[in-house]
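Source file: start17.txt. Holds: compact mmCIF, C-alpha atoms and all ligand atoms.
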# COMPACT_ATOMS: atom_id res chain seq x y z
CA MET A 1 67.57 106.68 126.01
CA LYS A 2 68.52 110.36 126.23
CA PRO A 3 65.44 112.52 125.47
CA GLU A 4 67.33 114.53 122.82
CA VAL A 5 68.09 111.26 120.97
CA PHE A 6 64.49 110.05 121.38
CA PHE A 7 62.94 113.23 119.92
CA ALA A 8 65.34 113.76 116.99
CA PRO A 9 64.06 111.04 114.58
CA LEU A 10 60.46 111.93 115.45
CA VAL A 11 60.97 115.58 114.48
CA ARG A 12 62.78 114.55 111.29
CA GLY A 13 60.11 111.97 110.45
CA MET A 14 57.37 114.55 110.98
CA PHE A 15 58.88 116.90 108.38
CA ILE A 16 59.63 114.05 105.97
CA GLU A 17 56.00 112.96 106.20
CA LYS A 18 54.80 116.51 105.60
CA THR A 19 57.08 117.26 102.63
CA GLY A 20 57.75 113.85 101.04
CA GLY A 21 61.49 114.62 101.00
CA PRO A 22 64.45 114.25 103.37
CA TRP A 23 65.10 116.89 106.08
CA THR A 24 68.07 117.56 108.30
CA VAL A 25 67.27 118.00 111.98
CA ALA A 26 70.30 118.99 114.05
CA TYR A 27 70.18 119.02 117.83
CA GLU A 28 71.34 122.40 119.10
CA SER A 29 73.05 121.43 122.31
CA GLY A 30 73.96 125.02 123.19
CA ALA A 31 70.31 125.89 123.63
CA LEU A 32 69.47 122.89 125.80
CA ALA A 33 69.62 124.27 129.30
CA GLY A 34 66.48 125.80 130.78
CA THR A 35 63.23 126.36 128.98
CA GLY A 36 63.75 129.85 127.61
CA ALA A 37 63.52 130.40 123.89
CA PRO A 38 66.87 130.21 122.08
CA ALA A 39 68.44 133.46 120.94
CA GLY A 40 66.74 134.90 117.91
CA ALA A 41 63.83 132.50 118.12
CA ASP A 42 60.29 133.56 117.71
CA ALA A 43 57.69 131.22 119.06
CA THR A 44 54.97 132.80 116.95
CA ALA A 45 53.71 130.38 114.38
CA GLY A 46 54.26 131.64 110.86
CA ALA A 47 57.41 133.62 111.67
CA GLY A 48 60.84 132.26 110.89
CA GLY A 49 61.66 131.23 114.44
CA ALA A 50 60.83 128.27 116.59
CA THR A 51 57.74 126.19 116.85
CA ASP A 52 57.44 125.57 120.55
CA PHE A 53 56.01 122.23 121.66
CA THR A 54 55.46 122.95 125.31
CA ALA A 55 52.82 120.25 125.69
CA GLY A 56 54.12 117.21 127.57
CA ILE A 57 55.38 114.65 125.09
CA ASP A 58 55.26 110.98 126.12
CA THR A 59 58.86 109.71 126.07
CA SER A 60 57.95 106.09 126.72
CA ASN A 61 56.41 105.31 123.34
CA GLU A 62 57.64 106.67 120.02
CA LYS A 63 54.32 106.16 118.19
CA ILE A 64 52.37 108.10 120.82
CA ALA A 65 55.06 110.79 120.94
CA ALA A 66 55.02 111.06 117.11
CA GLY A 67 51.24 111.61 117.23
CA GLN A 68 51.57 114.26 119.96
CA LEU A 69 54.28 116.10 118.03
CA SER A 70 52.26 116.00 114.85
CA SER A 71 49.13 117.39 116.61
CA ALA A 72 51.18 120.15 118.24
CA PHE A 73 52.67 121.05 114.85
CA ALA A 74 49.25 121.08 113.20
CA ALA A 75 48.03 123.47 115.89
CA SER A 76 51.06 125.76 115.50
CA GLY A 77 49.91 127.43 112.32
CA PHE A 78 52.89 126.31 110.22
CA ALA A 79 50.89 123.37 108.95
CA GLY A 80 48.54 125.56 106.94
CA GLU A 81 51.37 127.70 105.55
CA ASN A 82 53.30 125.13 103.56
CA LYS A 83 56.39 126.13 105.48
CA ILE A 84 58.85 124.40 107.78
CA PRO A 85 60.18 126.34 110.80
CA LEU A 86 63.89 126.92 111.31
CA ARG A 87 63.73 125.69 114.88
CA VAL A 88 61.66 123.28 116.89
CA LYS A 89 61.69 123.33 120.64
CA ILE A 90 60.28 120.49 122.72
CA THR A 91 59.77 120.97 126.42
CA SER A 92 59.90 117.79 128.42
CA GLY A 93 60.81 117.04 132.05
CA GLY A 94 61.64 120.70 132.70
CA ASN A 95 64.18 120.94 129.86
CA GLY A 96 63.91 122.53 126.45
CA TYR A 97 65.25 120.47 123.54
CA VAL A 98 65.97 122.65 120.54
CA TYR A 99 66.56 121.37 117.00
CA LEU A 100 67.49 123.27 113.88
CA THR A 101 65.70 122.11 110.74
CA ALA A 102 66.68 122.52 107.08
CA PRO A 103 66.36 120.71 103.77
CA ASP A 104 70.12 119.99 103.81
CA TYR A 105 73.09 120.50 106.11
CA ALA A 106 74.15 123.72 104.37
CA GLY A 107 70.83 125.16 105.58
CA ILE A 108 71.72 124.24 109.17
CA ASP A 109 75.02 126.12 108.79
CA CYS A 110 73.08 129.14 107.44
CA ILE A 111 70.75 129.20 110.46
CA ARG A 112 73.74 128.99 112.82
CA LYS A 113 75.39 131.92 111.05
CA GLY A 114 72.14 133.93 111.18
CA ARG A 115 71.83 134.03 107.39
CA GLN A 116 68.48 132.24 107.19
CA LYS A 117 65.90 134.41 108.89
CA THR A 118 62.56 133.11 107.65
CA ALA A 119 60.93 129.70 107.62
CA TRP A 120 61.69 127.26 104.80
CA ASP A 121 59.25 127.00 101.91
CA ILE A 122 58.45 123.40 101.11
CA PRO A 123 60.00 122.57 97.70
CA GLU A 124 57.43 121.81 95.02
CA LYS A 125 59.02 118.53 93.95
CA SER A 126 60.53 116.69 96.86
CA PRO A 127 64.27 116.17 96.44
CA GLY A 128 65.17 112.49 96.40
CA THR A 129 62.25 111.38 94.28
CA ALA A 130 63.38 108.66 91.91
CA ASP A 131 63.46 109.72 88.31
CA PHE A 132 63.00 106.33 86.66
CA GLY A 133 66.70 105.77 86.12
CA ALA A 134 67.22 109.00 84.13
CA SER A 135 69.09 110.26 87.16
CA ARG A 136 69.40 107.43 89.61
CA ALA A 137 71.76 109.47 91.80
CA ALA A 138 68.82 111.75 92.68
CA VAL A 139 67.44 109.04 94.95
CA VAL A 140 70.02 109.79 97.63
CA LYS A 141 70.15 113.60 97.32
CA ASN A 142 70.08 115.21 100.80
CA ARG A 143 69.51 111.80 102.42
CA ALA A 144 71.50 110.76 105.46
CA ALA A 145 73.78 107.79 104.78
CA LEU A 146 76.15 105.84 107.02
CA ILE A 147 79.06 103.85 105.63
CA THR A 148 80.92 101.64 108.08
CA GLY A 149 84.55 101.01 107.17
CA GLY A 150 84.22 104.18 105.09
CA ALA A 151 87.79 105.43 105.45
CA GLN A 152 89.36 103.30 102.70
CA GLY A 153 88.76 100.65 100.04
CA PHE A 154 85.21 99.96 98.87
CA GLY A 155 83.91 102.01 101.81
CA GLU A 156 85.76 105.13 100.64
CA GLU A 157 84.49 104.57 97.08
CA ILE A 158 80.91 104.35 98.36
CA VAL A 159 81.39 107.47 100.51
CA ARG A 160 82.73 109.41 97.51
CA GLY A 161 79.95 108.14 95.23
CA LEU A 162 77.18 109.03 97.68
CA ALA A 163 78.71 112.45 98.38
CA ALA A 164 78.89 113.13 94.63
CA ALA A 165 75.20 112.22 94.43
CA GLY A 166 74.41 114.84 97.09
CA ALA A 167 73.93 112.62 100.17
CA LEU A 168 75.09 113.49 103.69
CA VAL A 169 77.65 110.83 104.62
CA PHE A 170 78.73 109.53 108.02
CA ILE A 171 82.18 108.00 107.56
CA ALA A 172 82.31 105.47 110.40
CA ASP A 173 85.58 103.67 110.91
CA LEU A 174 87.97 102.24 113.47
CA ASN A 175 90.53 104.40 111.70
CA LYS A 176 89.54 107.76 113.19
CA THR A 177 92.28 109.74 111.44
CA GLY A 178 91.43 108.24 108.05
CA ALA A 179 87.72 109.05 108.50
CA GLU A 180 88.53 112.62 109.60
CA LYS A 181 90.88 113.22 106.66
CA LEU A 182 88.36 111.95 104.13
CA ALA A 183 85.50 113.99 105.65
CA ALA A 184 87.63 117.16 105.66
CA ALA A 185 88.70 116.57 102.04
CA LEU A 186 85.09 116.09 100.89
CA ASN A 187 83.79 119.14 102.79
CA ARG A 188 86.57 121.19 101.19
CA GLU A 189 85.94 119.77 97.73
CA TYR A 190 82.18 120.49 97.85
CA GLY A 191 82.50 123.77 99.76
CA ARG A 192 79.85 122.80 102.32
CA THR A 193 79.34 120.40 105.21
CA LEU A 194 78.23 117.02 103.90
CA ALA A 195 80.62 114.51 105.50
CA PHE A 196 80.92 113.63 109.19
CA PRO A 197 83.63 111.36 110.61
CA VAL A 198 82.60 108.94 113.37
CA GLU A 199 85.00 106.68 115.24
CA VAL A 200 83.45 103.25 115.74
CA ASN A 201 84.32 99.63 116.36
CA VAL A 202 81.44 97.80 114.69
CA ALA A 203 82.09 94.69 116.80
CA ASP A 204 81.47 96.60 120.04
CA GLU A 205 77.78 97.25 120.78
CA THR A 206 78.34 100.29 123.01
CA SER A 207 80.48 101.90 120.33
CA VAL A 208 77.80 101.23 117.69
CA GLN A 209 75.07 102.62 119.96
CA ASN A 210 77.12 105.80 120.44
CA MET A 211 77.49 106.05 116.67
CA ALA A 212 73.70 105.81 116.19
CA GLU A 213 73.21 108.54 118.82
CA THR A 214 75.70 110.80 117.05
CA ILE A 215 73.76 110.33 113.81
CA ALA A 216 70.42 111.10 115.55
CA LEU A 217 71.82 114.33 117.00
CA THR A 218 73.52 115.44 113.76
CA THR A 219 70.90 114.81 111.07
CA GLY A 220 67.91 113.65 113.11
CA GLY A 221 67.77 110.23 111.47
CA LEU A 222 69.11 107.90 108.84
CA ASP A 223 67.93 106.82 105.39
CA LEU A 224 70.69 104.49 104.26
CA CYS A 225 73.01 102.27 106.30
CA VAL A 226 75.80 100.64 104.31
CA SER A 227 77.35 97.94 106.49
CA ASN A 228 80.66 97.66 104.68
CA ALA A 229 83.40 97.15 107.30
CA GLY A 230 84.87 93.69 106.81
CA VAL A 231 88.06 91.72 107.28
CA LEU A 232 89.71 88.73 105.66
CA ARG A 233 92.16 86.23 107.19
CA ALA A 234 92.73 83.56 104.54
CA ALA A 235 93.92 80.21 105.93
CA SER A 236 93.42 76.48 105.58
CA ILE A 237 90.89 75.16 108.09
CA LEU A 238 93.50 72.55 109.02
CA GLU A 239 95.88 75.31 110.10
CA GLN A 240 93.85 78.38 111.04
CA ASP A 241 93.91 79.34 114.67
CA ILE A 242 90.33 79.53 115.90
CA GLY A 243 90.88 83.00 117.39
CA SER A 244 91.47 84.30 113.87
CA PHE A 245 88.37 82.42 112.62
CA ARG A 246 86.29 84.03 115.40
CA PHE A 247 87.73 87.49 114.63
CA VAL A 248 86.53 87.28 111.01
CA THR A 249 83.09 86.02 112.13
CA ASP A 250 82.83 88.81 114.72
CA ILE A 251 83.44 91.63 112.23
CA ASN A 252 81.79 90.26 109.09
CA TYR A 253 78.78 88.50 110.64
CA THR A 254 78.01 89.51 114.25
CA ALA A 255 78.92 93.17 113.73
CA PHE A 256 76.48 93.35 110.80
CA ALA A 257 73.75 92.31 113.28
CA ILE A 258 74.89 94.94 115.81
CA VAL A 259 74.90 97.69 113.18
CA THR A 260 71.47 96.58 111.90
CA LYS A 261 70.09 96.60 115.46
CA HIS A 262 71.10 100.18 116.28
CA CYS A 263 70.54 101.71 112.84
CA GLY A 264 67.28 99.75 112.62
CA LEU A 265 66.10 101.26 115.92
CA LEU A 266 66.82 104.77 114.63
CA MET A 267 65.02 104.05 111.34
CA LYS A 268 62.09 102.50 113.22
CA ALA A 269 61.71 105.66 115.34
CA GLN A 270 61.81 107.84 112.21
CA HIS A 271 59.20 105.56 110.64
CA ALA A 272 56.86 106.11 113.62
CA ALA A 273 56.56 109.73 112.42
CA ALA A 274 57.06 109.06 108.67
CA PRO A 275 55.18 105.86 107.83
CA SER A 276 55.35 106.46 104.07
CA TRP A 277 59.16 106.84 103.96
CA ALA A 278 61.40 103.88 103.05
CA ALA A 279 64.88 103.37 104.48
CA ASP A 280 67.62 100.97 103.43
CA ILE A 281 70.15 98.72 105.10
CA ILE A 282 72.67 97.33 102.63
CA GLN A 283 75.41 94.92 103.56
CA ILE A 284 78.50 94.87 101.38
CA ASN A 285 78.85 91.12 101.14
CA SER A 286 81.04 89.34 98.56
CA LYS A 287 81.00 86.87 95.71
CA SER A 288 82.36 84.59 98.47
CA GLY A 289 78.93 84.81 100.10
CA LEU A 290 77.48 83.03 97.07
CA ASP A 291 80.27 80.61 96.18
CA GLY A 292 82.73 78.91 98.59
CA SER A 293 86.33 80.16 98.78
CA ASN A 294 89.28 77.75 98.95
CA LYS A 295 91.37 78.12 102.13
CA ASN A 296 89.21 81.08 103.09
CA GLY A 297 86.38 79.37 104.97
CA SER A 298 86.12 81.88 107.82
CA TYR A 299 85.50 84.67 105.30
CA ALA A 300 83.11 82.77 103.00
CA GLY A 301 81.22 81.33 105.99
CA SER A 302 80.74 84.79 107.52
CA LYS A 303 79.47 86.12 104.19
CA PHE A 304 77.13 83.15 103.48
CA GLY A 305 75.76 83.51 107.02
CA SER A 306 75.23 87.22 106.51
CA ILE A 307 72.93 86.50 103.57
CA GLY A 308 70.79 84.47 106.01
CA LEU A 309 70.75 87.54 108.28
CA VAL A 310 69.83 89.80 105.34
CA GLN A 311 66.85 87.59 104.43
CA SER A 312 65.69 87.32 108.06
CA PHE A 313 66.12 91.03 108.88
CA ALA A 314 64.34 91.90 105.62
CA LYS A 315 61.29 89.84 106.64
CA GLU A 316 61.23 91.43 110.09
CA LEU A 317 61.97 95.08 109.29
CA VAL A 318 59.61 95.38 106.32
CA GLU A 319 57.01 96.33 108.94
CA TYR A 320 58.92 99.60 109.38
CA SER A 321 59.48 100.13 105.62
CA ILE A 322 63.16 99.23 106.03
CA LYS A 323 64.52 97.25 103.07
CA VAL A 324 67.50 95.00 103.80
CA ASN A 325 69.66 93.79 100.91
CA ALA A 326 73.23 92.75 100.17
CA VAL A 327 75.60 93.68 97.37
CA CYS A 328 78.05 90.89 96.50
CA PRO A 329 81.04 92.42 94.70
CA GLY A 330 83.77 90.57 92.88
CA ASN A 331 87.42 91.24 93.68
CA PHE A 332 88.43 94.91 93.94
CA PHE A 333 91.92 94.50 92.46
CA ASP A 334 92.71 98.22 92.57
CA GLY A 335 91.83 98.56 96.28
CA PRO A 336 94.31 98.30 99.16
CA LEU A 337 93.33 94.72 100.08
CA TRP A 338 94.77 93.45 96.80
CA SER A 339 97.14 96.21 95.66
CA ASP A 340 98.89 97.40 98.83
CA PRO A 341 102.56 97.15 97.80
CA GLU A 342 103.63 95.63 101.14
CA LYS A 343 100.79 93.53 102.50
CA GLY A 344 98.34 93.32 99.58
CA LEU A 345 97.10 89.94 98.37
CA PHE A 346 98.97 90.25 95.05
CA VAL A 347 102.34 90.47 96.88
CA GLN A 348 101.33 87.74 99.32
CA TYR A 349 100.24 85.37 96.54
CA LEU A 350 103.38 86.10 94.51
CA ASN A 351 105.65 85.40 97.49
CA ALA A 352 103.70 82.27 98.44
CA GLY A 353 103.93 80.93 94.86
CA LYS A 354 100.14 80.55 94.83
CA VAL A 355 99.89 81.25 91.07
CA PRO A 356 102.00 78.69 89.16
CA GLY A 357 104.58 80.36 86.87
CA ALA A 358 103.85 83.92 88.05
CA LYS A 359 107.00 86.03 88.26
CA THR A 360 105.54 89.49 88.83
CA ILE A 361 102.56 91.13 90.47
CA ALA A 362 101.20 91.80 86.98
CA ASP A 363 101.26 88.02 86.32
CA VAL A 364 99.27 87.36 89.51
CA LYS A 365 96.77 90.09 88.62
CA ALA A 366 96.34 88.77 85.06
CA PHE A 367 95.69 85.27 86.46
CA TYR A 368 92.84 86.52 88.65
CA GLU A 369 91.41 88.80 85.97
CA SER A 370 91.23 85.86 83.58
CA LYS A 371 88.74 84.18 85.95
CA VAL A 372 86.23 87.01 85.34
CA PRO A 373 84.13 86.69 82.15
CA MET A 374 84.27 90.48 81.76
CA GLY A 375 88.06 90.38 82.18
CA ARG A 376 88.51 92.90 84.99
CA GLY A 377 88.05 93.39 88.70
CA CYS A 378 85.14 95.12 90.41
CA THR A 379 85.40 98.90 90.95
CA GLY A 380 83.82 101.52 93.21
CA PRO A 381 81.41 102.80 90.52
CA ASP A 382 80.22 99.19 89.90
CA VAL A 383 79.26 98.91 93.58
CA ILE A 384 77.73 102.40 93.79
CA ARG A 385 75.42 101.62 90.85
CA ALA A 386 74.19 98.56 92.77
CA VAL A 387 73.68 100.57 95.98
CA LEU A 388 71.72 103.28 94.14
CA TYR A 389 69.63 100.65 92.37
CA LEU A 390 68.69 99.01 95.67
CA VAL A 391 67.70 102.38 97.17
CA GLU A 392 65.68 103.33 94.09
CA GLN A 393 63.95 99.94 93.86
CA LEU A 394 61.07 100.15 96.31
CA TYR A 395 59.70 96.70 95.51
CA GLU A 396 62.58 94.43 96.55
CA THR A 397 64.04 93.29 99.84
CA GLY A 398 66.09 90.38 101.21
CA GLN A 399 68.16 90.02 98.03
CA ALA A 400 71.86 89.40 97.47
CA LEU A 401 72.84 91.26 94.30
CA PRO A 402 76.00 89.99 92.56
CA VAL A 403 78.32 92.59 90.99
CA THR A 404 80.98 90.24 89.69
CA GLY A 405 81.42 90.78 85.94
CA GLY A 406 79.73 87.42 85.43
CA GLN A 407 82.09 85.47 87.71
CA VAL A 408 79.23 84.33 89.95
CA MET A 409 75.77 83.81 88.49
CA LEU A 410 72.60 83.23 90.48
CA SER A 411 70.67 80.03 89.83
N1 LIG A 501 88.47 94.10 98.41
C1 LIG A 501 87.79 93.17 97.77
O1 LIG A 501 88.27 92.58 96.78
C2 LIG A 501 86.39 92.80 98.20
C3 LIG A 501 85.62 91.97 97.38
C4 LIG A 501 84.32 91.66 97.76
C5 LIG A 501 83.80 92.16 98.93
N2 LIG A 501 84.57 92.95 99.73
C6 LIG A 501 83.97 93.45 100.96
O2 LIG A 501 83.95 94.84 100.92
C7 LIG A 501 84.08 95.37 102.24
C8 LIG A 501 85.23 96.35 102.28
O3 LIG A 501 86.39 95.66 101.90
P1 LIG A 501 87.76 96.40 101.51
O4 LIG A 501 88.57 95.45 100.75
O5 LIG A 501 87.43 97.72 100.94
O6 LIG A 501 88.41 96.55 102.96
P2 LIG A 501 89.64 97.44 103.46
O7 LIG A 501 90.43 96.54 104.34
O8 LIG A 501 90.33 98.12 102.33
O9 LIG A 501 88.89 98.56 104.34
C9 LIG A 501 88.12 98.17 105.42
C10 LIG A 501 87.83 99.38 106.28
O10 LIG A 501 87.06 98.90 107.40
C11 LIG A 501 87.61 99.43 108.60
N3 LIG A 501 87.36 98.50 109.69
C12 LIG A 501 87.91 97.27 109.90
N4 LIG A 501 87.45 96.75 111.04
C13 LIG A 501 86.58 97.63 111.57
C14 LIG A 501 85.81 97.66 112.75
N5 LIG A 501 85.85 96.66 113.64
N6 LIG A 501 85.04 98.73 112.99
C15 LIG A 501 85.01 99.77 112.12
N7 LIG A 501 85.74 99.81 111.00
C16 LIG A 501 86.53 98.75 110.71
C17 LIG A 501 89.10 99.58 108.31
O11 LIG A 501 89.71 100.52 109.18
C18 LIG A 501 89.08 100.04 106.86
O12 LIG A 501 88.99 101.43 106.74
C19 LIG A 501 84.27 94.17 103.16
O13 LIG A 501 83.03 93.81 103.76
C20 LIG A 501 84.74 93.09 102.21
O14 LIG A 501 84.43 91.80 102.68
C21 LIG A 501 85.86 93.29 99.39
Now, as a test, write the supplied structure out as structure tokens.
Ligand SMILES: NC(=O)c1ccc[n+]([C@@H]2O[C@H](COP(=O)([O-])OP(=O)(O)OC[C@H]3O[C@@H](n4cnc5c(N)ncnc54)[C@H](O)[C@@H]3O)[C@@H](O)[C@H]2O)c1
Amino acid sequence: MKPEVFFAPLVRGMFIEKTGGPWTVAYESGALAGTGAPAGADATAGAGGATDFTAGIDTSNEKIAAGQLSSAFAASGFAGENKIPLRVKITSGGNGYVYLTAPDYAGIDCIRKGRQKTAWDIPEKSPGTADFGASRAAVVKNRAALITGGAQGFGEEIVRGLAAAGALVFIADLNKTGAEKLAAALNREYGRTLAFPVEVNVADETSVQNMAETIALTTGGLDLCVSNAGVLRAASILEQDIGSFRFVTDINYTAFAIVTKHCGLLMKAQHAAAPSWAADIIQINSKSGLDGSNKNGSYAGSKFGSIGLVQSFAKELVEYSIKVNAVCPGNFFDGPLWSDPEKGLFVQYLNAGKVPGAKTIADVKAFYESKVPMGRGCTGPDVIRAVLYLVEQLYETGQALPVTGGQVMLS
């Protein structure tokens, strides 16, 4: 592992542990070369500049390294001052690794522009503390969140919801242009940097590993991973070509494991320095993960199987305070999967005569809505409420939470 990736979650975890709230730790690549102090830095503890960890840090074991960093910080003088430095520099193997630190990404931008000259005061009440439901959105404020498949559909809804709640969002998608456009639109809308596009193919482990490294270098760590990217190829098992069956299994099932592995490693490293901090992995599953789906076995099987992964990963990762849960939404009729005017499921079902007597798209939609006790499809806000609940709820893991308007009920 690259040293700059190894150190990032440890530095972030150290400040999370000290303050009880999320911190942004951005690797400053421009200051990497050599061991000299970065421009404007002041290695004197208590000033606004860098805390310099020149002691050798063990890069073979994250727990030992976290302890060494924490001791070096305690000795720096900042510890007694209730302040967090603007910069941290770690010297290891003859190189200096410099990170900028701030309570949010806007603070990182301020340091880069030279507007923040003194160390950060630690806020009295840590941002992100749950407020007993009065303001559930507060639980993700300033936290780092990843949403795979975030460029459109449910993923885009979750990205927008988390951004509105004040989270930093990594929009990770195969559709690079879509992710870039959405990130630019959000950064414009909020007037600050809070969204980062990342090109990824979740089924390719190298690509996912690169994504996790990008996250480590941008925010220092990760608090919430929403594994949302998914595909559907409906077909009878008597007719489906097995390549298409495998494709669905690869993206919906195996890729969830790949994403959990690499985000889990990043969260585990952060936990080595912040043992009291909880992180979340949430898979966007489906009502078809709880109830079989006619002529859609590849999809339902991949979603049922993923709930087995959720339960197993939850039992394993609880050791690192990582909760693993699934949200199982009902049909998102207003999203592109159903409503795309050319290839959406409504058009496909109308043309295939799947709904007896249906003459228009509205007829097909009404047929499917009538299957839901609450009479409508699932929406982005329905799913976001479930995501925020799972983050806020510290005493639950390994669950599959239906959000189906009563269409699927747990027994
Ligand atoms: N739409 C629904 O009615 C519905 C209902 C229940 C559950 N879900 C689940 O919600 C999730 C999102 O579904 P949606 O309907 O919003 O999908 P969508 O097709 O509208 O969007 C999926 C996004 O994932 C991206 N993506 C696809 N393959 C990828 C890959 N290999 N790597 C990275 N990104 C990839 C796409 O580019 C796209 O941006 C899926 O897991 C799906 O199973 C959807």
Answer as JSON, numbers by chain, residues within 8 Å of (58.8, 107.4, 104.4) using all atoms listed in the file: {"A": [13, 16, 17, 20, 271, 274, 275, 276, 277, 278, 279, 321]}
Among listed residues A:Lys63, A:Lys371, A:Arg160, A:Arg12, nearest Tyr99 of chain A (using only C-alpha atoms):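 Of A:Lys63, A:Lys371, A:Arg160, A:Arg12, the one nearest Tyr99 of chain A is A:Arg12, counting only C-alpha atoms.
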Enumerate, in order of chain and increasing residue number, the residues of chain A with an atom no farther than 6 Å from ligand LIG 501 (chain A), each with its shortest atom pair and distance in Å to one decimal, counting only C-alpha atoms and all ligand atoms, as CSV.
residue,atom,partner,partner_atom,distance
A:Thr148,CA,A:LIG501,N7,5.9
A:Gly149,CA,A:LIG501,O10,3.3
A:Gly150,CA,A:LIG501,O12,5.7
A:Ala151,CA,A:LIG501,O12,4.4
A:Gln152,CA,A:LIG501,O12,4.5
A:Gly153,CA,A:LIG501,O5,3.3
A:Phe154,CA,A:LIG501,O5,3.8
A:Gly155,CA,A:LIG501,O5,5.6
A:Asp173,CA,A:LIG501,N7,3.9
A:Leu174,CA,A:LIG501,C15,4.1
A:Asn175,CA,A:LIG501,O11,4.7
A:Val200,CA,A:LIG501,C15,5.3
A:Asn201,CA,A:LIG501,N6,3.6
A:Val202,CA,A:LIG501,N6,4.1
A:Ala203,CA,A:LIG501,N5,5.3
A:Asn228,CA,A:LIG501,O13,4.6
A:Ala229,CA,A:LIG501,O10,4.1
A:Gly230,CA,A:LIG501,O13,3.6
A:Val231,CA,A:LIG501,O14,5.9
A:Ile251,CA,A:LIG501,N5,5.8
A:Ile284,CA,A:LIG501,O13,5.2
A:Asn285,CA,A:LIG501,C5,5.5
A:Ser286,CA,A:LIG501,C5,4.0
A:Pro329,CA,A:LIG501,C4,4.5
A:Gly330,CA,A:LIG501,C4,5.0
A:Asn331,CA,A:LIG501,O1,3.5
A:Phe332,CA,A:LIG501,O1,3.7
A:Phe333,CA,A:LIG501,O1,6.0
A:Gly335,CA,A:LIG501,N1,6.0
A:Pro336,CA,A:LIG501,O8,5.1
A:Leu337,CA,A:LIG501,O4,4.9
Nearby residues (only C-alpha atoms) at most 10 Å from Trp338 of chain A, same-chain spacing under 6 positions excluded, as a ChimeraX atom specification: /A:153,331-332,344-349,365
Within 8 Å of file point (68.4, 117.2, 114.3), counting all atoms listed in the file, expressed as a VMD selection string: chain A and resid 8 to 9 11 to 12 24 to 28 99 to 101 216 to 221
With C-alpha atoms retained, write the just-selected residues as a PDB file, in the frame of the given file.
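After the write, again09.pdb holds the following:
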ATOM      1  CA  ALA A   8      65.340 113.760 116.990  1.00  0.00           C
ATOM      2  CA  PRO A   9      64.060 111.040 114.580  1.00  0.00           C
ATOM      3  CA  VAL A  11      60.970 115.580 114.480  1.00  0.00           C
ATOM      4  CA  ARG A  12      62.780 114.550 111.290  1.00  0.00           C
ATOM      5  CA  THR A  24      68.070 117.560 108.300  1.00  0.00           C
ATOM      6  CA  VAL A  25      67.270 118.000 111.980  1.00  0.00           C
ATOM      7  CA  ALA A  26      70.300 118.990 114.050  1.00  0.00           C
ATOM      8  CA  TYR A  27      70.180 119.020 117.830  1.00  0.00           C
ATOM      9  CA  GLU A  28      71.340 122.400 119.100  1.00  0.00           C
ATOM     10  CA  TYR A  99      66.560 121.370 117.000  1.00  0.00           C
ATOM     11  CA  LEU A 100      67.490 123.270 113.880  1.00  0.00           C
ATOM     12  CA  THR A 101      65.700 122.110 110.740  1.00  0.00           C
ATOM     13  CA  ALA A 216      70.420 111.100 115.550  1.00  0.00           C
ATOM     14  CA  LEU A 217      71.820 114.330 117.000  1.00  0.00           C
ATOM     15  CA  THR A 218      73.520 115.440 113.760  1.00  0.00           C
ATOM     16  CA  THR A 219      70.900 114.810 111.070  1.00  0.00           C
ATOM     17  CA  GLY A 220      67.910 113.650 113.110  1.00  0.00           C
ATOM     18  CA  GLY A 221      67.770 110.230 111.470  1.00  0.00           C
TER      19      GLY A 221
END
Separation of atom CA of Asp382 of chain A from atom CA of Ala145 of chain A in Å: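 Atom-to-atom, atom CA of Ala145 of chain A to atom CA of Asp382 of chain A, that is 18.4 Å.
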Interatomic distance, atom CA of Ala165 of chain A to atom CA of Asp223 of chain A (Å, one decimal): 14.2 Å
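Here atom CA of Leu168 of chain A stands at a distance of 6.0 Å from atom CA of Asn142 of chain A.
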Residue nearest Gly21 of chain A - candidates A:Ala138, A:Ile111, A:Val259, A:Ala75, atoms counted: only C-alpha atoms: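 For Gly21 of chain A, the nearest of the candidates is A:Ala138.
Here the question is which of A:Leu232, A:Glu239, A:Ala366, A:Ala106 gets nearest to Ser293 of chain A using only C-alpha atoms, and that residue is A:Leu232.
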Given only C-alpha atoms as the counted atoms, nearest of A:Thr59, A:Ala66, A:Lys2, A:Gly178 to Ala272 of chain A: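 For Ala272 of chain A, the nearest of the given residues is A:Ala66.
Using all atoms listed in the file, the nearest neighbour of Leu238 of chain A within the list A:Lys181, A:Gly297, A:Thr360, A:Ser207 is A:Gly297.
Among the candidates A:Ala273, A:Ala144, A:Ala362, A:Ala119, the one nearest to Leu194 of chain A when counting all atoms listed in the file is A:Ala144.
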Kindly assemble as JSON lines a list of the segment 186-243 of chain A residues that lie within 12 Å of segment 391-394 of chain A, each paired with its nearest atom pair and their distance in Å to one decimal, using all atoms listed in the file, sorted first by chain and then by ascending residue number.
{"residue": "A:Asp223", "atom": "CA", "partner": "A:Val391", "partner_atom": "CA", "distance": 9.3}
{"residue": "A:Leu224", "atom": "CA", "partner": "A:Val391", "partner_atom": "CA", "distance": 8.0}
{"residue": "A:Cys225", "atom": "CA", "partner": "A:Val391", "partner_atom": "CA", "distance": 10.6}
{"residue": "A:Val226", "atom": "CA", "partner": "A:Val391", "partner_atom": "CA", "distance": 10.9}
Shell around Leu410 of chain A at 10 Å using only C-alpha atoms, local window under 4 positions removed, as a PyMOL selection string: chain A and resi 290-291+400-402+406
Val198 of chain A surroundings by only C-alpha atoms, 10 Å radius, close-in-sequence under 6 positions cut, as JSON, numbers by chain: {"A": [146, 147, 148, 150, 170, 171, 172, 173, 174, 175, 176, 177, 179, 180, 183, 210, 211, 212, 214, 215]}
